Amino acid sequence: MERDLSQLPGGDLVQKGLADLNRGMRTEESLLVMIANPSLRQLGITFRPLEKLGIPFEHELFERLQDRVGKAAHMDYNSLIRLIVSFANAYPRLYRDS
């Protein structure tokens with residue numbers, strides 16, 4: 001059963017990241033999902049993982065952000081990490097009985 005994740009904080013990013021992963025695409029969203037891989041798998045969210053390219057997914061995401069937003073990359077990266085943590089915390093509250 002596919003769940004509507006849009007009700008959760010960052011759910012739109014997670015949904016896009018999961019879709020990108022299923023297509024084998026390396027995007028900011030798919031990298032964010034890969035960073036949260038252990039937490040998401042504990043929640044029962046499974047997906048096709050990306051292949052590692054020699055640098056951690058965290059570094060690859062930060063580099064992409066830096067290319068796109070320059071000096072604001074640190075702030076954007078931290079915001080994304082907080083958002084994925086909020087998602088992982090909210091998910092079991094919404095879907096605890098399913």
# chains A, B, ... in the order shown; residues from 1 in each chain; ligands from 1
>>> residues_around(residues="range 8-21 of chain A", least_positions_apart="4", cutoff="6 Å", atoms="only C-alpha atoms", output="PyMOL selection string")
chain A and resi 25+29-30+33+48+83+87
>>> write_last_selection(atoms="C-alpha atoms", output="PDB file, in the first residue's frame")
ATOM      1  CA  MET A  25      18.235   9.442 -10.224  1.00  0.00           C
ATOM      2  CA  GLU A  29      15.760  14.701  -2.624  1.00  0.00           C
ATOM      3  CA  SER A  30      17.068  11.197  -3.347  1.00  0.00           C
ATOM      4  CA  VAL A  33      16.364   9.960   1.535  1.00  0.00           C
ATOM      5  CA  ARG A  48      16.128   1.035  -4.242  1.00  0.00           C
ATOM      6  CA  LEU A  83      13.039  18.290   8.087  1.00  0.00           C
ATOM      7  CA  PHE A  87       9.435  13.393   9.027  1.00  0.00           C
TER       8      PHE A  87
END
>>> atom_distance(atom1="CA of Tyr91 in chain A", atom2="CA of Leu53 in chain A")
29.5 Å
>>> atom_distance(atom1="CA of Gly44 in chain A", atom2="CA of Leu65 in chain A")
28.3 Å
>>> select_by_dssp(residues="chain A", states="helix (DSSP H, G or I)", output="NGL selection string")
:A and (5-7 or 11-22 or 28-35 or 37-42 or 57-95)
>>> write_last_selection(atoms="C-alpha atoms", output="PDB file, in the first residue's frame")
ATOM      1  CA  LEU A   5       3.344  11.267   2.718  1.00  0.00           C
ATOM      2  CA  SER A   6       2.377  14.853   1.889  1.00  0.00           C
ATOM      3  CA  GLN A   7       0.679  15.246   5.290  1.00  0.00           C
ATOM      4  CA  GLY A  11       6.738  14.438   3.046  1.00  0.00           C
ATOM      5  CA  ASP A  12       6.760  16.052  -0.391  1.00  0.00           C
ATOM      6  CA  LEU A  13      10.571  15.867  -0.455  1.00  0.00           C
ATOM      7  CA  VAL A  14      10.540  12.250   0.701  1.00  0.00           C
ATOM      8  CA  GLN A  15       7.954  11.287  -1.934  1.00  0.00           C
ATOM      9  CA  LYS A  16      10.017  12.938  -4.667  1.00  0.00           C
ATOM     10  CA  GLY A  17      13.203  11.358  -3.305  1.00  0.00           C
ATOM     11  CA  LEU A  18      11.628   7.893  -3.285  1.00  0.00           C
ATOM     12  CA  ALA A  19      10.359   8.359  -6.847  1.00  0.00           C
ATOM     13  CA  ASP A  20      13.794   9.564  -7.961  1.00  0.00           C
ATOM     14  CA  LEU A  21      15.451   6.580  -6.276  1.00  0.00           C
ATOM     15  CA  ASN A  22      13.113   4.188  -8.055  1.00  0.00           C
ATOM     16  CA  GLU A  28      18.904  16.495  -3.747  1.00  0.00           C
ATOM     17  CA  GLU A  29      15.760  14.701  -2.624  1.00  0.00           C
ATOM     18  CA  SER A  30      17.068  11.197  -3.347  1.00  0.00           C
ATOM     19  CA  LEU A  31      20.306  12.004  -1.516  1.00  0.00           C
ATOM     20  CA  LEU A  32      18.293  13.244   1.463  1.00  0.00           C
ATOM     21  CA  VAL A  33      16.364   9.960   1.535  1.00  0.00           C
ATOM     22  CA  MET A  34      19.655   8.035   1.354  1.00  0.00           C
ATOM     23  CA  ILE A  35      20.981  10.020   4.323  1.00  0.00           C
ATOM     24  CA  ASN A  37      18.039   5.403   4.992  1.00  0.00           C
ATOM     25  CA  PRO A  38      18.475   3.685   8.409  1.00  0.00           C
ATOM     26  CA  SER A  39      15.596   5.598  10.016  1.00  0.00           C
ATOM     27  CA  LEU A  40      13.289   5.176   7.045  1.00  0.00           C
ATOM     28  CA  ARG A  41      13.943   1.441   6.793  1.00  0.00           C
ATOM     29  CA  GLN A  42      13.106   1.094  10.518  1.00  0.00           C
ATOM     30  CA  PHE A  57      25.770  11.036   0.611  1.00  0.00           C
ATOM     31  CA  GLU A  58      25.875  13.900   3.128  1.00  0.00           C
ATOM     32  CA  HIS A  59      28.852  15.437   1.332  1.00  0.00           C
ATOM     33  CA  GLU A  60      27.313  14.939  -2.099  1.00  0.00           C
ATOM     34  CA  LEU A  61      24.102  16.666  -0.988  1.00  0.00           C
ATOM     35  CA  PHE A  62      26.058  19.549   0.544  1.00  0.00           C
ATOM     36  CA  GLU A  63      28.115  19.978  -2.651  1.00  0.00           C
ATOM     37  CA  ARG A  64      24.957  20.078  -4.761  1.00  0.00           C
ATOM     38  CA  LEU A  65      23.441  22.678  -2.464  1.00  0.00           C
ATOM     39  CA  GLN A  66      26.642  24.692  -2.548  1.00  0.00           C
ATOM     40  CA  ASP A  67      26.619  24.658  -6.366  1.00  0.00           C
ATOM     41  CA  ARG A  68      23.013  25.840  -6.368  1.00  0.00           C
ATOM     42  CA  VAL A  69      22.861  28.358  -3.501  1.00  0.00           C
ATOM     43  CA  GLY A  70      26.469  29.168  -2.653  1.00  0.00           C
ATOM     44  CA  LYS A  71      27.047  30.362   0.913  1.00  0.00           C
ATOM     45  CA  ALA A  72      23.495  29.517   1.929  1.00  0.00           C
ATOM     46  CA  ALA A  73      24.280  25.801   1.487  1.00  0.00           C
ATOM     47  CA  HIS A  74      25.054  25.268   5.179  1.00  0.00           C
ATOM     48  CA  MET A  75      21.738  26.734   6.269  1.00  0.00           C
ATOM     49  CA  ASP A  76      19.804  24.819   3.582  1.00  0.00           C
ATOM     50  CA  TYR A  77      21.568  21.552   4.430  1.00  0.00           C
ATOM     51  CA  ASN A  78      20.768  21.906   8.142  1.00  0.00           C
ATOM     52  CA  SER A  79      17.138  22.737   7.311  1.00  0.00           C
ATOM     53  CA  LEU A  80      16.828  19.614   5.163  1.00  0.00           C
ATOM     54  CA  ILE A  81      18.320  17.425   7.898  1.00  0.00           C
ATOM     55  CA  ARG A  82      15.920  18.874  10.488  1.00  0.00           C
ATOM     56  CA  LEU A  83      13.039  18.290   8.087  1.00  0.00           C
ATOM     57  CA  ILE A  84      13.904  14.626   7.477  1.00  0.00           C
ATOM     58  CA  VAL A  85      14.246  14.092  11.239  1.00  0.00           C
ATOM     59  CA  SER A  86      10.807  15.674  11.738  1.00  0.00           C
ATOM     60  CA  PHE A  87       9.435  13.393   9.027  1.00  0.00           C
ATOM     61  CA  ALA A  88      10.876  10.293  10.705  1.00  0.00           C
ATOM     62  CA  ASN A  89       9.445  11.377  14.072  1.00  0.00           C
ATOM     63  CA  ALA A  90       5.979  12.183  12.696  1.00  0.00           C
ATOM     64  CA  TYR A  91       5.569   9.115  10.470  1.00  0.00           C
ATOM     65  CA  PRO A  92       4.868   6.570  13.234  1.00  0.00           C
ATOM     66  CA  ARG A  93       2.370   8.930  14.874  1.00  0.00           C
ATOM     67  CA  LEU A  94       0.341   9.145  11.672  1.00  0.00           C
ATOM     68  CA  TYR A  95       0.688   5.504  10.660  1.00  0.00           C
TER      69      TYR A  95
END
>>> atom_distance(atom1="CA of Pro56 in chain A", atom2="CA of Glu2 in chain A")
28.8 Å
>>> decode(residues="range 21-42 of chain A", atoms="C-alpha atoms", output="PDB file, in the first residue's frame")
ATOM      1  CA  LEU A  21      15.451   6.580  -6.276  1.00  0.00           C
ATOM      2  CA  ASN A  22      13.113   4.188  -8.055  1.00  0.00           C
ATOM      3  CA  ARG A  23      14.277   5.779 -11.322  1.00  0.00           C
ATOM      4  CA  GLY A  24      17.930   5.639 -10.229  1.00  0.00           C
ATOM      5  CA  MET A  25      18.235   9.442 -10.224  1.00  0.00           C
ATOM      6  CA  ARG A  26      20.723  11.333  -8.047  1.00  0.00           C
ATOM      7  CA  THR A  27      18.829  14.424  -6.904  1.00  0.00           C
ATOM      8  CA  GLU A  28      18.904  16.495  -3.747  1.00  0.00           C
ATOM      9  CA  GLU A  29      15.760  14.701  -2.624  1.00  0.00           C
ATOM     10  CA  SER A  30      17.068  11.197  -3.347  1.00  0.00           C
ATOM     11  CA  LEU A  31      20.306  12.004  -1.516  1.00  0.00           C
ATOM     12  CA  LEU A  32      18.293  13.244   1.463  1.00  0.00           C
ATOM     13  CA  VAL A  33      16.364   9.960   1.535  1.00  0.00           C
ATOM     14  CA  MET A  34      19.655   8.035   1.354  1.00  0.00           C
ATOM     15  CA  ILE A  35      20.981  10.020   4.323  1.00  0.00           C
ATOM     16  CA  ALA A  36      17.868   8.989   6.276  1.00  0.00           C
ATOM     17  CA  ASN A  37      18.039   5.403   4.992  1.00  0.00           C
ATOM     18  CA  PRO A  38      18.475   3.685   8.409  1.00  0.00           C
ATOM     19  CA  SER A  39      15.596   5.598  10.016  1.00  0.00           C
ATOM     20  CA  LEU A  40      13.289   5.176   7.045  1.00  0.00           C
ATOM     21  CA  ARG A  41      13.943   1.441   6.793  1.00  0.00           C
ATOM     22  CA  GLN A  42      13.106   1.094  10.518  1.00  0.00           C
TER      23      GLN A  42
END
